[in-house]
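Visitor: What follows is data_12.cif, mmCIF, C-alpha atoms.
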```cif
data_target
#
loop_
_atom_site.group_PDB
_atom_site.id
_atom_site.type_symbol
_atom_site.label_atom_id
_atom_site.label_comp_id
_atom_site.auth_asym_id
_atom_site.auth_seq_id
_atom_site.Cartn_x
_atom_site.Cartn_y
_atom_site.Cartn_z
ATOM 1 C CA ASP A 132 -29.354 23.525 5.259
ATOM 2 C CA ASN A 133 -30.567 22.399 1.890
ATOM 3 C CA TYR A 134 -29.219 19.446 0.000
ATOM 4 C CA TYR A 135 -29.622 18.389 -3.590
ATOM 5 C CA TYR A 136 -32.443 15.870 -3.943
ATOM 6 C CA GLY A 137 -31.537 14.928 -7.519
ATOM 7 C CA CYS A 138 -27.955 13.836 -6.875
ATOM 8 C CA ASP A 139 -28.376 10.639 -8.922
ATOM 9 C CA ALA A 140 -30.034 12.549 -11.759
ATOM 10 C CA LEU A 141 -27.289 15.190 -11.718
ATOM 11 C CA PHE A 142 -24.467 12.660 -12.047
ATOM 12 C CA GLU A 143 -26.439 10.636 -14.591
ATOM 13 C CA ARG A 144 -26.983 13.697 -16.776
ATOM 14 C CA HIS A 145 -23.499 15.192 -16.191
ATOM 15 C CA PRO A 146 -21.075 12.384 -15.268
ATOM 16 C CA ASP A 147 -18.083 14.736 -15.590
ATOM 17 C CA ILE A 148 -19.466 17.549 -13.441
ATOM 18 C CA LEU A 149 -16.680 17.371 -10.857
ATOM 19 C CA GLN A 150 -13.951 17.527 -13.474
ATOM 20 C CA GLU A 151 -15.709 20.467 -15.098
ATOM 21 C CA CYS A 152 -15.985 22.188 -11.725
ATOM 22 C CA CYS A 153 -12.286 21.522 -11.087
ATOM 23 C CA ALA A 154 -11.511 23.472 -14.243
ATOM 24 C CA VAL A 155 -10.556 27.103 -13.794
ATOM 25 C CA ARG A 156 -14.024 28.492 -14.367
ATOM 26 C CA GLY A 157 -15.930 26.296 -11.911
ATOM 27 C CA GLN A 158 -13.796 26.024 -8.783
ATOM 28 C CA ARG A 159 -16.122 28.242 -6.763
ATOM 29 C CA LEU A 160 -18.991 25.826 -7.447
ATOM 30 C CA LEU A 161 -17.309 22.842 -5.753
ATOM 31 C CA PRO A 162 -18.105 23.824 -2.140
ATOM 32 C CA ILE A 163 -21.714 24.421 -3.150
ATOM 33 C CA LEU A 164 -21.870 21.054 -4.885
ATOM 34 C CA PHE A 165 -20.307 19.311 -1.881
ATOM 35 C CA ASP A 166 -22.682 21.112 0.480
ATOM 36 C CA GLY A 167 -25.528 19.664 -1.571
ATOM 37 C CA MET A 168 -24.182 16.143 -0.968
ATOM 38 C CA LEU A 169 -24.561 16.566 2.779
ATOM 39 C CA TRP A 170 -27.745 16.463 4.843
ATOM 40 C CA ARG A 171 -27.865 17.401 8.503
ATOM 41 C CA SER A 172 -30.908 16.639 10.596
ATOM 42 C CA ARG A 173 -32.550 19.530 12.366
ATOM 43 C CA LEU A 174 -33.210 17.293 15.392
ATOM 44 C CA THR A 175 -30.590 16.582 18.027
ATOM 45 C CA ILE A 176 -30.568 13.493 20.229
ATOM 46 C CA LYS A 177 -28.191 13.560 23.216
ATOM 47 C CA LYS A 178 -26.392 16.534 21.669
ATOM 48 C CA MET A 179 -25.747 14.513 18.491
ATOM 49 C CA ARG A 180 -27.112 15.301 15.057
ATOM 50 C CA ARG A 181 -27.699 12.762 12.292
ATOM 51 C CA VAL A 182 -25.783 13.424 9.066
ATOM 52 C CA ASN A 183 -26.216 11.701 5.698
ATOM 53 C CA PHE A 184 -23.501 11.840 3.063
ATOM 54 C CA PHE A 185 -24.512 11.271 -0.553
ATOM 55 C CA VAL A 186 -21.075 10.308 -1.871
ATOM 56 C CA LYS A 187 -21.727 7.272 -4.056
ATOM 57 C CA HIS A 188 -20.845 9.209 -7.194
ATOM 58 C CA LEU A 189 -17.577 10.466 -5.710
ATOM 59 C CA ILE A 190 -16.410 6.888 -5.157
ATOM 60 C CA GLN A 191 -17.617 4.988 -8.222
ATOM 61 C CA ASN A 192 -18.694 5.713 -11.780
ATOM 62 C CA ALA A 193 -22.038 4.707 -13.274
ATOM 63 C CA ASP A 194 -20.448 1.492 -14.571
ATOM 64 C CA GLY A 195 -19.190 0.553 -11.089
ATOM 65 C CA THR A 196 -15.499 1.322 -11.590
ATOM 66 C CA PHE A 197 -13.446 3.459 -9.236
ATOM 67 C CA ASN A 198 -13.946 7.154 -9.797
ATOM 68 C CA THR A 199 -11.002 9.450 -10.515
ATOM 69 C CA TYR A 200 -12.601 12.720 -9.397
ATOM 70 C CA LEU A 201 -10.763 12.967 -6.100
ATOM 71 C CA PRO A 202 -7.253 13.372 -7.559
ATOM 72 C CA ALA A 203 -8.601 16.312 -9.562
ATOM 73 C CA VAL A 204 -9.855 17.873 -6.323
ATOM 74 C CA VAL A 205 -6.469 17.274 -4.668
ATOM 75 C CA LYS A 206 -4.632 18.938 -7.559
ATOM 76 C CA LEU A 207 -6.477 22.186 -6.827
ATOM 77 C CA ASN A 208 -4.350 22.595 -3.656
ATOM 78 C CA ASP A 209 -7.225 24.202 -1.791
ATOM 79 C CA PRO A 210 -7.091 23.354 1.943
ATOM 80 C CA ASP A 211 -10.641 24.605 2.518
ATOM 81 C CA LEU A 212 -11.933 22.238 -0.146
ATOM 82 C CA ILE A 213 -9.960 19.257 1.199
ATOM 83 C CA GLY A 214 -11.260 20.079 4.671
ATOM 84 C CA HIS A 215 -14.873 20.040 3.488
ATOM 85 C CA PRO A 216 -16.842 17.400 5.440
ATOM 86 C CA VAL A 217 -17.851 15.495 2.293
ATOM 87 C CA VAL A 218 -14.315 15.275 0.875
ATOM 88 C CA SER A 219 -12.887 14.449 4.285
ATOM 89 C CA PHE A 220 -15.509 11.724 4.782
ATOM 90 C CA VAL A 221 -14.738 10.155 1.395
ATOM 91 C CA PHE A 222 -10.967 10.181 1.974
ATOM 92 C CA ASN A 223 -11.343 8.741 5.471
ATOM 93 C CA MET A 224 -13.704 6.039 4.247
ATOM 94 C CA LEU A 225 -11.396 5.049 1.381
ATOM 95 C CA TRP A 226 -8.416 4.953 3.721
ATOM 96 C CA ALA A 227 -10.183 2.963 6.438
ATOM 97 C CA ARG A 228 -11.911 0.451 4.180
ATOM 98 C CA LEU A 229 -9.595 0.095 1.228
ATOM 99 C CA ALA A 230 -6.109 1.518 1.432
ATOM 100 C CA ARG A 231 -4.988 1.054 5.034
ATOM 101 C CA TYR A 232 -4.655 -2.734 5.006
ATOM 102 C CA SER A 233 -2.820 -2.936 1.693
ATOM 103 C CA PHE A 234 -0.505 -0.105 2.775
ATOM 104 C CA LEU A 235 0.289 -1.777 6.092
ATOM 105 C CA ARG A 236 0.793 -5.158 4.415
ATOM 106 C CA SER A 237 3.271 -3.583 2.005
ATOM 107 C CA ARG A 238 5.201 -2.074 4.918
ATOM 108 C CA LEU A 239 5.435 -5.218 7.063
ATOM 109 C CA LEU A 240 8.572 -6.461 5.262
ATOM 110 C CA TYR A 241 10.266 -3.104 5.818
ATOM 111 C CA LEU A 242 9.298 -3.141 9.480
ATOM 112 C CA PHE A 243 10.773 -6.636 9.781
ATOM 113 C CA LEU A 244 13.973 -5.431 8.083
ATOM 114 C CA VAL A 245 14.238 -2.455 10.439
ATOM 115 C CA VAL A 246 13.946 -4.777 13.426
ATOM 116 C CA LEU A 247 16.668 -6.992 11.932
ATOM 117 C CA VAL A 248 18.983 -4.029 11.300
ATOM 118 C CA VAL A 249 18.530 -2.641 14.793
ATOM 119 C CA SER A 250 19.018 -6.026 16.437
ATOM 120 C CA SER A 251 22.040 -7.013 14.325
ATOM 121 C CA GLN A 252 23.814 -3.647 14.462
ATOM 122 C CA SER A 253 22.923 -2.264 17.872
ATOM 123 C CA VAL A 254 21.407 -4.789 20.232
ATOM 124 C CA LEU A 255 23.275 -8.061 19.673
ATOM 125 C CA PRO A 256 26.831 -6.630 19.621
ATOM 126 C CA ARG A 257 26.198 -4.839 22.934
ATOM 127 C CA LEU A 258 24.639 -7.725 24.860
ATOM 128 C CA ASN A 259 27.974 -8.965 26.113
ATOM 129 C CA PRO A 260 30.645 -6.569 24.775
ATOM 130 C CA ARG A 261 33.625 -8.034 26.644
ATOM 131 C CA GLU A 262 33.371 -11.549 25.305
ATOM 132 C CA GLU A 263 31.054 -12.744 22.578
ATOM 133 C CA THR A 264 29.496 -16.140 23.020
ATOM 134 C CA GLU A 265 28.993 -18.658 20.251
ATOM 135 C CA ALA A 266 25.210 -18.206 20.435
ATOM 136 C CA GLN A 267 25.624 -14.437 20.102
ATOM 137 C CA ARG A 268 27.804 -14.873 16.991
ATOM 138 C CA ILE A 269 25.296 -17.286 15.440
ATOM 139 C CA ALA A 270 22.393 -14.919 16.149
ATOM 140 C CA LEU A 271 24.354 -12.035 14.619
ATOM 141 C CA PHE A 272 25.150 -14.120 11.537
ATOM 142 C CA VAL A 273 21.510 -15.218 11.138
ATOM 143 C CA CYS A 274 20.260 -11.613 11.395
ATOM 144 C CA ARG A 275 22.774 -10.325 8.866
ATOM 145 C CA ALA A 276 22.155 -13.244 6.501
ATOM 146 C CA ALA A 277 18.404 -12.601 6.697
ATOM 147 C CA LEU A 278 19.075 -8.956 5.859
ATOM 148 C CA TYR A 279 21.000 -9.952 2.759
ATOM 149 C CA ILE A 280 18.371 -12.488 1.711
ATOM 150 C CA PHE A 281 15.285 -10.331 2.288
ATOM 151 C CA ASP A 282 16.706 -6.958 1.260
ATOM 152 C CA PHE A 283 19.734 -7.271 -0.997
ATOM 153 C CA VAL A 284 18.682 -10.238 -3.135
ATOM 154 C CA PRO A 285 15.263 -8.846 -4.211
ATOM 155 C CA HIS A 286 16.878 -5.531 -5.146
ATOM 156 C CA LEU A 287 19.611 -7.351 -7.053
ATOM 157 C CA ILE A 288 17.075 -9.477 -8.950
ATOM 158 C CA TYR A 289 14.967 -6.411 -9.747
ATOM 159 C CA ASN A 290 17.969 -4.464 -11.063
ATOM 160 C CA ILE A 291 19.218 -7.399 -13.141
ATOM 161 C CA TRP A 292 15.702 -7.799 -14.570
ATOM 162 C CA GLN A 293 15.563 -4.095 -15.445
ATOM 163 C CA PHE A 294 19.040 -4.289 -17.010
ATOM 164 C CA VAL A 295 18.070 -7.287 -19.157
ATOM 165 C CA LYS A 296 14.785 -5.644 -20.107
ATOM 166 C CA ASP A 297 16.578 -2.463 -21.202
ATOM 167 C CA ILE A 298 18.917 -4.417 -23.475
#
```
Could I get this structure in the form of structure tokens?
Guide:
Amino acid sequence: DNYYYGCDALFERHPDILQECCAVRGQRLLPILFDGMLWRSRLTIKKMRRVNFFVKHLIQNADGTFNTYLPAVVKLNDPDLIGHPVVSFVFNMLWARLARYSFLRSRLLYLFLVVLVVSSQSVLPRLNPREETEAQRIALFVCRAALYIFDFVPHLIYNIWQFVKDI
């Protein structure tokens, strides 16, 4: 396997090479370009082979800002290209190091609300169905009040804000 030694020089000379290759006339060049960003050692140690990925230019521009090449690759709808080891490595690295924690943090409130809905609608009413205790009624009220506070009120405020902004 050969890889491109002048990767930095290529992206310095042609910073828009991926977007040009994503155009209609250069789509067949993308796998070749991505193959050049991958180096596999010819030596194996314990049935493992060392691999180097030269993906700096796929992640950031020359000025250090986040690169927008990957959405152009996704828009091609080519499963072979998305499954290429270089593209897969970049997506997995971005997900593991950047996007996963912010995504999970954004979903924690919804997970909490799902737990509240399930407990207030299914679990608490069926704990003692023949006669409800005072503690069971209070717990049910607290769960439903928390649902209104954490779910309904933010949506209401957002919609009122959008209504006022539109006027």
Visitor: Name the closest residue to Leu201 in chain A among the candidates A:Cys138, A:Leu244, A:Leu149, A:Leu278; distances are taken between atoms, counting all atoms listed in the file.
Guide: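 Ranking A:Cys138, A:Leu244, A:Leu149, A:Leu278 by distance to Leu201 in chain A, first place goes to A:Leu149.
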Visitor: Would you list the contacts of Phe184 in chain A as a PyMOL selection string, taking every protein, DNA or RNA residue within 8 Å and counting all atoms listed in the file, but skipping same-chain residues closer than 2 positions in sequence?
Guide: chain A and resi 168-170+182+186+217
Visitor: Name every residue that the PyMOL selection byres ((chain A and resi 274) around 8) selects in this structure, writing the answer as a PyMOL selection string with chains first and numbers rising.
Guide: chain A and resi 247-248+250-251+270-273+275-278
Visitor: List the spatial neighbours of Lys206 in chain A as an mmCIF file with C-alpha atoms, in the coordinates of the input - criterion: any atom at most 12 Å away, all atoms listed in the file, same-chain residues fewer than 5 positions off excluded.
Guide:
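So the final result, stored in selection03.cif, reads:
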```cif
data_model
loop_
_atom_site.group_PDB
_atom_site.id
_atom_site.type_symbol
_atom_site.label_atom_id
_atom_site.label_comp_id
_atom_site.auth_asym_id
_atom_site.auth_seq_id
_atom_site.Cartn_x
_atom_site.Cartn_y
_atom_site.Cartn_z
ATOM 1 C CA GLN A 150 -13.951 17.527 -13.474
ATOM 2 C CA CYS A 153 -12.286 21.522 -11.087
ATOM 3 C CA ALA A 154 -11.511 23.472 -14.243
ATOM 4 C CA VAL A 155 -10.556 27.103 -13.794
ATOM 5 C CA GLN A 158 -13.796 26.024 -8.783
ATOM 6 C CA THR A 199 -11.002 9.450 -10.515
ATOM 7 C CA TYR A 200 -12.601 12.720 -9.397
ATOM 8 C CA LEU A 201 -10.763 12.967 -6.100
ATOM 9 C CA LEU A 212 -11.933 22.238 -0.146
ATOM 10 C CA ILE A 213 -9.960 19.257 1.199
#
```
Visitor: Give as a PyMOL selection string every residue, naming chains and numbers as the document does, that has an atom within 12 Å of (9.2, -11.5, 3.6), counting only C-alpha atoms.
Guide: chain A and resi 236-244+277-282+284-285
Visitor: Let me make sure I understand: among A:Phe222, A:Val254, A:Arg231, A:Ala266, which one has the smallest atom-to-atom distance to Pro202 in chain A if we use all atoms listed in the file?
Guide: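 Among the listed residues, the smallest separation from Pro202 in chain A belongs to A:Phe222.
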Visitor: Need the shell around Pro162 in chain A: protein/DNA/RNA residues with any atom at most 8 Å away, counting only C-alpha atoms. Skip same-chain ones fewer than 3 positions apart. Format as a PyMOL selection string?
Guide: chain A and resi 159+165-166+212+215
Visitor: Taking C-alpha atoms for each residue, export the selection above as a compact mmCIF listing (two decimals), in the coordinates of the input.
Guide:
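And here is the file that came out, result_16.txt:
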```txt
# COMPACT_ATOMS: atom_id res chain seq x y z
CA ARG A 159 -16.12 28.24 -6.76
CA PHE A 165 -20.31 19.31 -1.88
CA ASP A 166 -22.68 21.11 0.48
CA LEU A 212 -11.93 22.24 -0.15
CA HIS A 215 -14.87 20.04 3.49
```
Visitor: Using CA of Ser253 in chain A and CA of Phe283 in chain A as the two end points, give the distance in Å to one decimal.
Guide: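 So the answer is 19.8 Å.
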